[in-house]
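Here is the file coords06.txt (compact mmCIF, C-alpha atoms).
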# COMPACT_ATOMS: atom_id res chain seq x y z
CA ILE A 29 12.83 -3.63 -7.92
CA THR A 30 13.60 -6.28 -5.30
CA ALA A 31 16.15 -9.06 -4.91
CA ASP A 32 14.87 -12.58 -5.61
CA GLY A 33 16.96 -14.27 -2.92
CA THR A 34 19.08 -16.22 -5.41
CA GLY A 35 21.28 -13.45 -6.78
CA GLY A 36 18.77 -12.14 -9.31
CA CYS A 37 15.98 -9.57 -9.09
CA VAL A 38 12.39 -8.76 -10.03
CA ALA A 39 11.54 -5.36 -11.51
CA ILE A 40 8.17 -3.67 -12.12
CA TRP A 41 7.48 -0.89 -14.61
CA ARG A 42 4.55 0.81 -16.29
CA ASP A 43 3.86 0.73 -20.04
CA ASN A 44 0.92 3.05 -20.75
CA PHE A 45 -2.08 1.33 -19.12
CA THR A 46 -0.34 -1.87 -18.06
CA LEU A 47 2.01 -2.82 -15.23
CA LEU A 48 4.72 -5.29 -16.24
CA ALA A 49 7.18 -7.37 -14.25
CA GLN A 50 10.28 -9.33 -15.17
CA ARG A 51 12.59 -11.59 -13.21
CA LEU A 52 16.26 -11.60 -14.13
CA SER A 53 18.79 -14.28 -13.29
CA PRO A 54 22.14 -13.36 -11.69
CA ASP A 55 23.50 -13.21 -15.26
CA GLY A 56 20.77 -10.83 -16.44
CA VAL A 57 18.75 -13.44 -18.33
CA PRO A 58 14.95 -12.84 -18.38
CA LEU A 59 13.18 -15.72 -16.64
CA TRP A 60 9.55 -14.77 -17.25
CA THR A 61 7.46 -13.95 -20.33
CA ALA A 62 9.32 -12.10 -23.07
CA ASN A 63 8.83 -8.32 -22.73
CA GLY A 64 7.51 -8.77 -19.20
CA LEU A 65 4.61 -10.38 -17.34
CA SER A 66 1.41 -8.33 -17.40
CA LEU A 67 0.21 -7.69 -13.85
CA ASN A 68 -3.20 -6.27 -14.81
CA GLU A 69 -4.94 -8.08 -17.65
CA GLU A 70 -7.52 -5.28 -17.93
CA PRO A 71 -5.99 -1.89 -18.85
CA ALA A 72 -6.39 1.06 -16.44
CA HIS A 73 -5.80 4.75 -17.03
CA ASN A 74 -4.33 5.23 -13.56
CA LEU A 75 -1.76 2.75 -12.33
CA GLU A 76 0.30 4.05 -9.47
CA GLY A 77 2.34 3.12 -6.44
CA PRO A 78 3.54 -0.44 -7.00
CA THR A 79 5.33 -1.94 -4.00
CA LEU A 80 7.03 -5.33 -4.24
CA HIS A 81 8.15 -7.85 -1.61
CA LEU A 82 9.77 -11.29 -1.65
CA ALA A 83 7.71 -13.67 0.50
CA PRO A 84 9.31 -16.41 2.65
CA ASP A 85 7.95 -19.08 0.28
CA GLY A 86 9.74 -17.57 -2.73
CA ASN A 87 6.64 -15.91 -4.18
CA TYR A 88 6.33 -12.17 -4.78
CA LEU A 89 3.75 -9.92 -3.13
CA LEU A 90 2.85 -6.60 -4.69
CA THR A 91 0.33 -3.78 -4.38
CA TYR A 92 -0.76 -0.92 -6.63
CA PHE A 93 -3.88 1.17 -7.19
CA ASP A 94 -5.91 1.62 -10.34
CA ASN A 95 -9.28 2.84 -11.64
CA ARG A 96 -10.22 0.23 -14.23
CA PRO A 97 -13.99 -0.36 -14.37
CA ARG A 98 -15.31 -3.16 -12.16
CA PRO A 99 -18.56 -5.10 -12.72
CA GLY A 100 -21.37 -3.13 -11.11
CA GLY A 101 -19.05 -0.24 -10.25
CA GLY A 102 -18.88 3.29 -11.55
CA LEU A 103 -16.12 5.11 -13.33
CA ASN A 104 -13.19 6.69 -11.50
CA GLN A 105 -13.35 4.36 -8.53
CA PHE A 106 -9.82 3.94 -7.23
CA TRP A 107 -8.92 0.54 -5.76
CA LEU A 108 -5.87 -0.72 -3.92
CA VAL A 109 -5.01 -4.06 -5.54
CA ALA A 110 -2.90 -6.86 -4.04
CA GLU A 111 -1.30 -9.60 -6.13
CA LYS A 112 0.90 -12.64 -5.59
CA ILE A 113 3.21 -13.91 -8.34
CA SER A 114 5.03 -17.24 -8.18
CA GLY A 115 8.77 -17.56 -8.67
CA THR A 116 8.06 -18.85 -12.18
CA GLY A 117 5.86 -15.90 -13.12
CA GLU A 118 2.35 -17.25 -12.55
CA HIS A 119 -0.57 -15.22 -11.18
CA LEU A 120 -1.54 -16.81 -7.87
CA TRP A 121 -4.30 -14.36 -6.93
CA GLY A 122 -5.99 -14.02 -10.32
CA ALA A 123 -5.09 -12.14 -13.48
CA ASN A 124 -6.04 -8.78 -11.94
CA GLY A 125 -5.21 -9.44 -8.31
CA ILE A 126 -7.43 -8.85 -5.27
CA ASP A 127 -9.39 -5.62 -4.77
CA ALA A 128 -8.56 -4.78 -1.15
CA ILE A 129 -9.54 -1.13 -0.44
CA LEU A 130 -11.83 1.22 -2.37
CA GLU A 131 -11.32 4.98 -2.79
CA ILE A 132 -7.69 5.55 -1.90
CA THR A 133 -5.01 7.63 -3.63
CA SER A 134 -1.91 5.54 -2.84
CA ALA A 135 -0.99 1.90 -2.34
CA HIS A 136 1.51 0.58 0.20
CA SER A 137 2.14 -2.70 1.98
CA VAL A 138 4.32 -4.71 4.33
CA PRO A 139 4.47 -8.52 4.49
CA ASP A 140 2.58 -10.05 7.42
CA GLY A 141 5.18 -12.82 7.83
CA GLU A 142 2.63 -15.50 6.95
CA GLY A 143 2.54 -15.19 3.16
CA GLY A 144 0.12 -12.26 3.10
CA LEU A 145 0.20 -8.48 3.36
CA ILE A 146 -0.91 -5.55 5.46
CA VAL A 147 -2.01 -2.98 2.86
CA PHE A 148 -2.97 0.65 3.26
CA GLY A 149 -3.46 3.87 1.36
CA GLN A 150 -4.27 7.51 1.92
CA ASN A 151 -8.00 8.06 1.66
CA ARG A 152 -9.51 9.73 -1.37
CA PHE A 153 -11.16 12.91 -0.06
CA ASN A 154 -13.26 15.18 -2.29
CA LEU A 155 -16.00 17.70 -1.61
CA ASP A 156 -18.99 18.15 -3.87
CA GLY A 157 -20.62 21.48 -4.70
CA THR A 158 -22.39 21.57 -1.34
CA GLY A 159 -19.25 20.94 0.67
CA GLN A 160 -20.07 17.31 1.41
CA ASN A 161 -17.36 14.65 1.26
CA ILE A 162 -18.25 12.18 -1.49
CA HIS A 163 -15.54 9.59 -0.86
CA ARG A 164 -13.76 8.82 2.43
CA PRO A 165 -12.90 10.92 5.47
CA LYS A 166 -9.41 12.38 5.59
CA GLY A 167 -6.82 9.90 6.80
CA PHE A 168 -5.70 6.37 5.95
CA THR A 169 -7.34 2.95 5.57
CA PHE A 170 -5.77 -0.44 6.33
CA GLN A 171 -6.64 -4.05 5.44
CA ARG A 172 -4.92 -7.42 5.65
CA VAL A 173 -4.81 -9.85 2.72
CA LEU A 174 -4.14 -13.42 3.82
CA ALA A 175 -1.94 -15.91 1.98
CA ASN A 176 -5.09 -17.62 0.66
CA GLN A 177 -6.10 -14.30 -1.00
CA THR A 178 -8.99 -13.53 1.35
CA LEU A 179 -9.43 -10.32 3.33
CA ALA A 180 -8.70 -10.99 7.00
CA TRP A 181 -10.72 -8.19 8.57
CA ALA A 182 -14.48 -7.98 8.12
CA GLN A 183 -14.15 -4.24 8.67
CA GLU A 184 -11.25 -2.17 7.45
CA VAL A 185 -9.21 -0.16 9.93
CA THR A 186 -9.73 3.52 9.15
CA LEU A 187 -7.56 6.17 10.76
CA GLU A 188 -9.52 9.43 10.55
CA VAL A 189 -6.98 12.23 10.88
CA ASP A 190 -6.70 15.67 9.34
CA VAL A 191 -3.90 15.36 6.80
CA PRO A 192 -3.19 17.33 3.60
CA THR A 193 -4.41 15.90 0.31
CA THR A 194 -0.85 14.86 -0.48
CA ALA A 195 0.30 13.94 3.01
CA GLN A 196 3.92 13.32 3.96
CA TYR A 197 4.29 9.91 5.61
CA ASN A 198 6.38 6.77 5.81
CA TYR A 199 5.95 3.31 7.26
CA THR A 200 7.60 0.07 8.34
CA SER A 201 6.67 -3.39 9.59
CA ASP A 202 6.20 -3.65 13.35
CA GLY A 203 8.09 -6.97 13.26
CA ASN A 204 5.01 -8.93 14.34
CA GLY A 205 2.93 -8.96 11.18
CA GLY A 206 1.56 -5.43 11.64
CA ILE A 207 2.53 -1.98 10.43
CA ILE A 208 3.72 1.34 11.89
CA LEU A 209 2.85 4.56 10.07
CA ALA A 210 4.44 7.95 10.79
CA TYR A 211 2.74 10.99 9.24
CA ILE A 212 2.63 14.79 9.35
CA ASP A 213 -0.87 16.12 9.94
CA SER A 214 -2.41 19.41 8.79
CA SER A 215 -1.22 21.19 11.95
CA ASP A 216 2.40 20.23 11.08
CA ALA A 217 2.54 17.77 13.98
CA LEU A 218 4.37 14.46 13.53
CA ARG A 219 2.53 11.38 14.75
CA ALA A 220 2.92 7.60 14.54
CA VAL A 221 0.32 4.85 14.79
CA ARG A 222 0.52 1.07 14.84
CA VAL A 223 -1.98 -1.37 13.34
CA THR A 224 -1.52 -4.96 14.49
CA LYS A 225 -2.02 -8.01 12.28
CA ASP A 226 -5.38 -8.72 13.92
CA GLY A 227 -6.69 -5.31 12.85
CA THR A 228 -6.30 -3.41 16.11
CA LEU A 229 -5.26 0.23 16.18
CA ALA A 230 -2.75 -0.20 18.99
CA TRP A 231 -1.84 3.46 19.49
CA THR A 232 -4.45 6.21 19.65
CA VAL A 233 -3.96 9.49 17.83
CA GLU A 234 -3.60 11.23 21.20
CA GLU A 235 -0.87 8.80 22.26
CA SER A 236 0.94 9.01 18.95
CA LEU A 237 2.26 12.58 19.08
CA ILE A 238 6.01 12.70 18.43
CA SER A 239 6.57 16.38 17.68
CA ASP A 240 4.01 19.18 17.64
CA SER A 241 6.23 21.86 16.11
CA GLY A 242 9.24 22.38 13.92
CA VAL A 243 8.47 19.71 11.32
CA VAL A 244 9.60 20.82 7.86
CA ILE A 245 6.75 20.52 5.35
CA GLY A 246 7.69 18.62 2.23
CA GLU A 247 10.09 16.25 4.00
CA LYS A 248 8.88 12.74 4.72
CA PRO A 249 9.71 11.27 8.12
CA VAL A 250 11.96 8.21 8.13
CA VAL A 251 10.83 5.10 10.02
CA ALA A 252 12.72 1.94 11.02
CA ASN A 253 11.53 -1.09 12.97
CA ASP A 254 13.15 -1.35 16.43
CA GLU A 255 12.50 -5.16 16.53
CA SER A 256 10.49 -4.76 19.73
CA GLY A 257 7.10 -3.73 18.34
CA GLY A 258 8.06 -0.08 18.07
CA ALA A 259 9.98 2.08 15.67
CA PHE A 260 12.68 4.69 15.36
CA VAL A 261 11.42 7.87 13.68
CA ALA A 262 13.61 10.64 12.27
CA TRP A 263 12.54 13.96 10.76
CA VAL A 264 13.82 17.34 9.67
CA SER A 265 13.17 20.28 11.97
In structure tokens, write the structure found in this file.
Amino acid sequence: ITADGTGGCVAIWRDNFTLLAQRLSPDGVPLWTANGLSLNEEPAHNLEGPTLHLAPDGNYLLTYFDNRPRPGGGLNQFWLVAEKISGTGEHLWGANGIDAILEITSAHSVPDGEGGLIVFGQNRFNLDGTGQNIHRPKGFTFQRVLANQTLAWAQEVTLEVDVPTTAQYNYTSDGNGGIILAYIDSSDALRAVRVTKDGTLAWTVEESLISDSGVVIGEKPVVANDESGGAFVAWVS
């Protein structure tokens, strides 16, 4: 749920294989389609991780991931999807949004300050019977979706790091259209990286070490923008 900037709100929920959204006035009156606006016109068995933002132009930016079949694609391909909805409940990036990143297991985003999004997810990592990875390397993958619904970076930014299958991490905007991610790796070290809006990995993994011991497993770090291109990071130890 997020505020709409006029005293109302927009909420997202899942109904079986469909994501739905509704905007409510300050008096609680539904402003969009009765029973909610469908965010994915084609049903999907896995719909997870919706994040929602109010854009400066009054539109709504959201991300989620799903595994609905795509033309020419196989089954069980997990995509991070980005969508923009107008203040009146219209799909601005197509009925099923924009496929931004393939083979991830989560979907997150921050606004880029220009009507688009920086999106990322934890990589889908699986080994076949011979021990070979059949999806992506361990870590995270980033992409930027511009306000005109195109992908900004010809090549995704992939952070190859050894993290558990269900990693503990958190993130925030860097205040300049990019993103800062803090995560706990498989050695229980806490690290933070920054990806700028032009697709540059500004901090190397070696530079990003915050704490190499005493991080409590199972507790996500907390991250807040310091308004100077960095971030405050807090954790349990």
CA of Asn253 in chain A to CA of Phe168 in chain A: how many Å, to one decimal? 20.0 Å
Residues of range 76-187 of chain A at most 9 Å from range 197-201 of chain A: nearest atom pair and distance in Å, only C-alpha atoms, as CSV:
residue,atom,partner,partner_atom,distance
A:His136,CA,A:Tyr199,CA,8.8
A:Ser137,CA,A:Thr200,CA,8.8
A:Val138,CA,A:Ser201,CA,5.9
A:Pro139,CA,A:Ser201,CA,7.6
A:Asp140,CA,A:Ser201,CA,8.1
A:Ile146,CA,A:Ser201,CA,8.9
So the first atom is CA of Asn87 in chain A and the second is CA of Trp121 in chain A; what is the distance between them in Å, to one decimal place? 11.4 Å
Do you have the CA of Leu145 in chain A-CA of Asp190 in chain A distance handy?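 Here the two named atoms are 25.8 Å from each other.
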List the neighbours of Thr224 in chain A out to 9 Å using all atoms listed in the file; skip same-chain residues closer than 6 positions along the sequence, and give me the result as a PDB file with C-alpha atoms, keeping the file's coordinate frame.
ATOM      1  CA  ASP A 202       6.200  -3.650  13.350  1.00  0.00           C
ATOM      2  CA  ASN A 204       5.010  -8.930  14.340  1.00  0.00           C
ATOM      3  CA  GLY A 205       2.930  -8.960  11.180  1.00  0.00           C
ATOM      4  CA  GLY A 206       1.560  -5.430  11.640  1.00  0.00           C
ATOM      5  CA  ILE A 207       2.530  -1.980  10.430  1.00  0.00           C
ATOM      6  CA  ILE A 208       3.720   1.340  11.890  1.00  0.00           C
ATOM      7  CA  ALA A 230      -2.750  -0.200  18.990  1.00  0.00           C
TER       8      ALA A 230
END
Tell me which of A:Val189, A:Leu174, A:Leu130, A:Leu48 sits closest to Arg152 in chain A, counting only C-alpha atoms.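 Checking each of A:Val189, A:Leu174, A:Leu130, A:Leu48 against Arg152 in chain A, counting only C-alpha atoms, the winner is A:Leu130.
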Where is the centre and how long are the edges: axis-aligned box on range 212-216 of chain A, 4 Å on each side, Å to one decimal, as JSON:
{"center_x": 0.1, "center_y": 18.0, "center_z": 10.4, "size_x": 13.0, "size_y": 14.4, "size_z": 11.2}
Find, counting all atoms listed in the file, the residue in A:Ala210, A:Gly35, A:Ser215, A:Asn68 that gets nearest to Pro54 in chain A.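 Once distances to Pro54 in chain A are computed over all atoms listed in the file, the minimum belongs to A:Gly35.
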Selected residue, from A:Gln177, A:Thr232, A:Ser241, A:Thr46, that lies nearest to Gly64 in chain A when counting all atoms listed in the file: A:Thr46
Would you mind telling me which residue in A:Asn176, A:Ser66, A:Gln105, A:Gln150 lies nearest to Asn44 in chain A when using all atoms listed in the file? A:Ser66
Pick from A:Val244, A:Val191, A:Leu82, A:Val173 nearest to Leu108 in chain A, counting all atoms listed in the file: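 Of A:Val244, A:Val191, A:Leu82, A:Val173, the one nearest Leu108 in chain A is A:Val173, counting all atoms listed in the file.
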Leu229 in chain A surroundings by only C-alpha atoms, 12 Å radius, close-in-sequence under 4 positions cut, as JSON, numbers by chain: {"A": [168, 169, 170, 171, 184, 185, 186, 187, 188, 206, 207, 208, 209, 220, 221, 222, 223, 224, 225, 233, 235, 236]}
Which residues, written as a list in words, have at least one atom at most 10 Å from Trp107 in chain A, with all atoms listed in the file counted and residues fewer than 2 positions away on the same chain left out?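 That gives Leu75, Tyr92, Phe93, Asp94, Asn95, Arg96, Arg98, Asn104, Gln105, Val109, Ala110, Ile126, Asp127, Ala128, Ile129, Leu130, Glu131, Ile132, Thr133, Ser134, Ala135 and Gly149 of chain A.
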Could you save the residues just selected, with C-alpha atoms, as a short mmCIF file (atom, residue, chain, number, x, y, z; two decimals), in the frame of the given file?
data_model
loop_
_atom_site.label_atom_id
_atom_site.label_comp_id
_atom_site.auth_asym_id
_atom_site.auth_seq_id
_atom_site.Cartn_x
_atom_site.Cartn_y
_atom_site.Cartn_z
CA LEU A 75 -1.76 2.75 -12.33
CA TYR A 92 -0.76 -0.92 -6.63
CA PHE A 93 -3.88 1.17 -7.19
CA ASP A 94 -5.91 1.62 -10.34
CA ASN A 95 -9.28 2.84 -11.64
CA ARG A 96 -10.22 0.23 -14.23
CA ARG A 98 -15.31 -3.16 -12.16
CA ASN A 104 -13.19 6.69 -11.50
CA GLN A 105 -13.35 4.36 -8.53
CA VAL A 109 -5.01 -4.06 -5.54
CA ALA A 110 -2.90 -6.86 -4.04
CA ILE A 126 -7.43 -8.85 -5.27
CA ASP A 127 -9.39 -5.62 -4.77
CA ALA A 128 -8.56 -4.78 -1.15
CA ILE A 129 -9.54 -1.13 -0.44
CA LEU A 130 -11.83 1.22 -2.37
CA GLU A 131 -11.32 4.98 -2.79
CA ILE A 132 -7.69 5.55 -1.90
CA THR A 133 -5.01 7.63 -3.63
CA SER A 134 -1.91 5.54 -2.84
CA ALA A 135 -0.99 1.90 -2.34
CA GLY A 149 -3.46 3.87 1.36
#
